[in-house]
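Content type TSV, C-alpha atoms and all ligand atoms, from the file structure_0.tsv:
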```
chain	number	residue	atom	x	y	z
L	24	MET	CA	-85.60	23.99	92.07
L	25	SER	CA	-84.99	20.99	94.28
L	26	TYR	CA	-82.88	17.92	93.55
L	27	ALA	CA	-84.78	14.87	92.25
L	28	TYR	CA	-83.36	11.61	93.61
L	29	ASP	CA	-84.23	8.35	91.84
L	30	PRO	CA	-84.43	5.61	94.52
L	31	GLU	CA	-84.13	2.93	91.82
L	32	ASN	CA	-80.54	3.86	90.88
L	33	ILE	CA	-78.01	1.06	91.19
L	34	PHE	CA	-76.17	2.51	94.20
L	35	ALA	CA	-79.45	2.89	96.09
L	36	LYS	CA	-80.01	-0.82	95.40
L	37	ILE	CA	-76.52	-1.61	96.74
L	38	LEU	CA	-77.28	0.39	99.89
L	39	ARG	CA	-80.54	-1.52	100.38
L	40	GLY	CA	-78.66	-4.82	99.95
L	41	GLU	CA	-80.63	-5.71	96.81
L	42	ILE	CA	-77.49	-6.25	94.72
L	43	PRO	CA	-74.00	-7.30	95.87
L	44	ASN	CA	-70.92	-5.11	96.00
L	45	ASP	CA	-67.25	-5.50	96.82
L	46	THR	CA	-67.09	-3.40	99.98
L	47	VAL	CA	-63.76	-1.86	100.95
L	48	PHE	CA	-64.90	0.18	103.97
L	49	GLU	CA	-68.13	1.16	105.68
L	50	SER	CA	-68.83	3.90	108.20
L	51	GLU	CA	-71.98	5.31	109.81
L	52	HIS	CA	-72.84	7.54	106.83
L	53	SER	CA	-70.66	6.26	103.97
L	54	LEU	CA	-69.82	3.15	101.94
L	55	ALA	CA	-66.74	2.47	99.78
L	56	PHE	CA	-66.58	-0.36	97.25
L	57	ASN	CA	-64.54	-1.39	94.23
L	58	ASP	CA	-65.74	-0.14	90.85
L	59	ILE	CA	-67.15	-3.00	88.76
L	60	ASN	CA	-65.27	-1.74	85.67
L	61	PRO	CA	-61.94	-0.46	87.02
L	62	GLN	CA	-60.13	2.24	85.03
L	63	ALA	CA	-56.93	2.05	87.11
L	64	LYS	CA	-55.17	-0.42	89.42
L	65	VAL	CA	-57.03	1.23	92.28
L	66	HIS	CA	-60.58	2.31	91.44
L	67	ILE	CA	-62.81	2.69	94.46
L	68	LEU	CA	-66.15	4.46	94.68
L	69	VAL	CA	-67.16	6.27	97.87
L	70	ILE	CA	-70.84	7.06	98.35
L	71	PRO	CA	-72.86	8.63	101.15
L	72	LYS	CA	-75.64	6.43	102.55
L	73	GLY	CA	-78.06	9.34	102.27
L	74	ALA	CA	-80.10	10.06	99.15
L	75	TYR	CA	-77.97	12.67	97.37
L	76	VAL	CA	-77.74	12.99	93.61
L	77	SER	CA	-74.47	14.84	93.23
L	78	PHE	CA	-71.66	16.61	95.04
L	79	ASP	CA	-73.44	19.96	94.99
L	80	HIS	CA	-76.62	18.38	96.38
L	81	PHE	CA	-74.62	16.80	99.21
L	82	ALA	CA	-72.52	19.88	99.92
L	83	LEU	CA	-75.61	22.10	100.17
L	84	GLU	CA	-78.08	19.80	101.96
L	85	ALA	CA	-76.26	17.07	103.92
L	86	SER	CA	-75.76	17.40	107.66
L	87	ASP	CA	-72.39	18.36	109.09
L	88	ALA	CA	-72.09	14.81	110.50
L	89	GLU	CA	-72.61	13.29	107.03
L	90	ILE	CA	-70.11	15.66	105.41
L	91	ILE	CA	-67.46	15.02	108.04
L	92	ASP	CA	-67.99	11.26	107.84
L	93	TYR	CA	-67.84	11.26	104.03
L	94	THR	CA	-64.70	13.40	103.85
L	95	ARG	CA	-62.95	11.28	106.47
L	96	THR	CA	-64.00	8.11	104.64
L	97	VAL	CA	-62.34	9.30	101.42
L	98	GLY	CA	-59.11	9.87	103.36
L	99	THR	CA	-59.35	6.55	105.18
L	100	VAL	CA	-59.97	4.62	101.97
L	101	ALA	CA	-57.12	6.36	100.11
L	102	LYS	CA	-54.84	5.34	102.96
L	103	MET	CA	-56.18	1.78	103.06
L	104	ALA	CA	-55.60	1.46	99.31
L	105	GLY	CA	-52.02	2.71	99.70
L	106	VAL	CA	-52.44	5.69	97.38
L	107	ASP	CA	-52.40	8.38	100.08
L	108	LEU	CA	-49.66	10.91	100.59
L	109	PRO	CA	-47.11	10.41	102.01
L	110	GLY	CA	-47.71	6.63	102.08
L	111	GLY	CA	-48.21	6.16	98.34
L	112	ASP	CA	-47.86	7.86	94.98
L	113	GLY	CA	-51.12	9.76	94.99
L	114	PHE	CA	-54.47	9.50	93.32
L	115	ARG	CA	-57.14	11.37	91.39
L	116	LEU	CA	-60.59	12.13	92.81
L	117	ILE	CA	-63.40	12.50	90.30
L	118	SER	CA	-67.05	13.26	90.95
L	119	ASN	CA	-69.15	13.49	87.81
L	120	ALA	CA	-72.40	15.44	88.01
L	121	GLY	CA	-75.22	15.62	85.53
L	122	ARG	CA	-75.23	15.66	81.75
L	123	ASN	CA	-72.12	17.74	81.18
L	124	GLY	CA	-70.25	15.86	83.90
L	125	VAL	CA	-71.27	12.61	82.17
L	126	GLN	CA	-72.67	11.06	85.36
L	127	GLU	CA	-74.04	7.55	84.79
L	128	VAL	CA	-75.31	6.71	88.26
L	129	PRO	CA	-77.40	9.47	89.87
L	130	HIS	CA	-76.25	8.89	93.45
L	131	LEU	CA	-73.26	10.93	94.63
L	132	HIS	CA	-69.97	9.09	94.33
L	133	VAL	CA	-66.35	10.03	94.17
L	134	HIS	CA	-63.99	7.84	92.19
L	135	ILE	CA	-60.61	7.28	93.88
L	136	LEU	CA	-58.25	6.37	91.05
L	137	GLY	CA	-54.62	5.45	91.61
L	138	GLY	CA	-51.93	2.81	91.53
L	139	ASN	CA	-50.62	4.10	88.21
L	140	PRO	CA	-50.26	7.53	86.53
L	141	MET	CA	-53.58	9.03	85.47
L	142	GLY	CA	-52.53	11.00	82.39
L	143	ARG	CA	-54.25	14.19	81.34
L	144	MET	CA	-56.93	15.57	83.58
L	145	VAL	CA	-59.72	16.00	81.01
L	146	SER	CA	-60.28	14.44	77.61
L	147	ARG	CA	-60.87	17.06	74.92
L	148	ASP	CA	-62.71	14.68	72.56
I	201	LIG	P1	-70.21	7.82	86.78
I	201	LIG	O1	-70.07	7.89	85.29
I	201	LIG	O2	-69.31	8.81	87.48
I	201	LIG	O3	-71.65	7.92	87.21
I	201	LIG	O4	-69.64	6.42	87.20
I	201	LIG	C1	-70.42	5.31	87.55
I	201	LIG	C2	-69.48	4.21	87.92
I	201	LIG	O5	-70.19	3.20	88.57
I	201	LIG	C3	-68.76	3.56	86.72
I	201	LIG	O6	-67.34	3.67	86.91
I	201	LIG	C4	-69.24	2.11	86.77
I	201	LIG	O7	-68.24	1.19	86.39
I	201	LIG	C5	-69.62	1.97	88.24
I	201	LIG	N1	-70.61	0.94	88.52
I	201	LIG	C6	-71.82	0.75	87.92
I	201	LIG	N2	-72.48	-0.26	88.50
I	201	LIG	C7	-71.68	-0.71	89.50
I	201	LIG	C8	-71.80	-1.75	90.46
I	201	LIG	N3	-72.89	-2.56	90.53
I	201	LIG	N4	-70.79	-1.96	91.34
I	201	LIG	C9	-69.69	-1.18	91.28
I	201	LIG	N5	-69.52	-0.17	90.41
I	201	LIG	C10	-70.50	0.05	89.52
```
This entry written out as structure tokens:
Amino acid sequence: MSYAYDPENIFAKILRGEIPNDTVFESEHSLAFNDINPQAKVHILVIPKGAYVSFDHFALEASDAEIIDYTRTVGTVAKMAGVDLPGGDGFRLISNAGRNGVQEVPHLHVHILGGNPMGRMVSRD
């Protein structure tokens, strides 16, 4: 089965410039912007510019150039936000995928969360 990408998802609209965003950093293949509903002092989303639904989709089908750019962008943004090690006190990376991952927006994103302690890793509700 192949991955089905919905080009009308909100991050696709951000990438097309149809809705605004609070950009933190942009590279050739990636975009980082502040989450509209922050769950920590630092809450930045990093997305690839390509049409990938989830981390597994990206990891399996993106080009090496996209993967390198995306990985480096996460590191650059963590450093810019002051949550990197050894510069800051660390962060949590989250990438939700699909129904069980409780993914709301079906375009790959990692959440960089930091600036305060994150608490338990997974809610058991
Ligand atoms: P997820 O549940 O992992 O798919 O998370 C989606 C995230 O996107 C949530 O944290 C939302 O607050 C965030 N979000 C939704 N719309 C926007 C937007 N227009 N700009 C920035 N962040 C957004």
Inset, instruction - Compile the contact shell of Glu31 of chain L as a VMD selection string: residues with an atom at most 12 Å away, counting all atoms listed in the file, same-chain residues fewer than 4 positions apart removed. - result: chain L and resid 27 35 to 39 41 to 42 74 128 to 130
Inset, instruction - Mind checking which residues fall within 12 Å of Phe81 of chain L, counting only C-alpha atoms, ignoring those fewer than 5 positions away in the same chain, and posting them as an NGL selection string? - result: :L and (26 or 28 or 70-76 or 86-91 or 93-94 or 118 or 120 or 130-133)
Inset, instruction - Write as a PyMOL selection string the residues around ligand LIG 201 (chain I), taking 12 Å as the cut-off and counting all atoms listed in the file. - result: chain L and resi 32-38+40-47+54-63+65-70+76-78+116-136
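Taking atom CA of Glu51 of chain L and atom CA of Gly105 of chain L as the two end points, the separation is 22.5 Å.
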Legend entry - Polymer residues at most 10 Å from Ala101 of chain L, all atoms listed in the file, same-chain spacing of 2 or more positions, as a list in words: Val65, Ile67, Arg95, Thr96, Val97, Gly98, Thr99, Met103, Ala104, Gly105, Val106, Asp107, Leu108, Gly110, Gly111, Gly113, Phe114, Leu116, Ile135, Leu136 and Gly137 of chain L
Inset, instruction - Quick one: pull the distance between atom CA of Phe48 of chain L and atom CA of Pro109 of chain L, Å, one decimal. - result: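 Spanning atom CA of Phe48 of chain L to atom CA of Pro109 of chain L is a straight-line distance of 20.6 Å.
Interatomic distance, atom CA of Asp112 of chain L against atom CA of Gly138 of chain L: 7.3 Å.
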Legend entry - L:Ala85, L:Arg143, L:His80, L:Val100 ranked by distance to Ser50 of chain L, top pick (using only C-alpha atoms):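 That would be L:Val100, the residue with the smallest distance to Ser50 of chain L.
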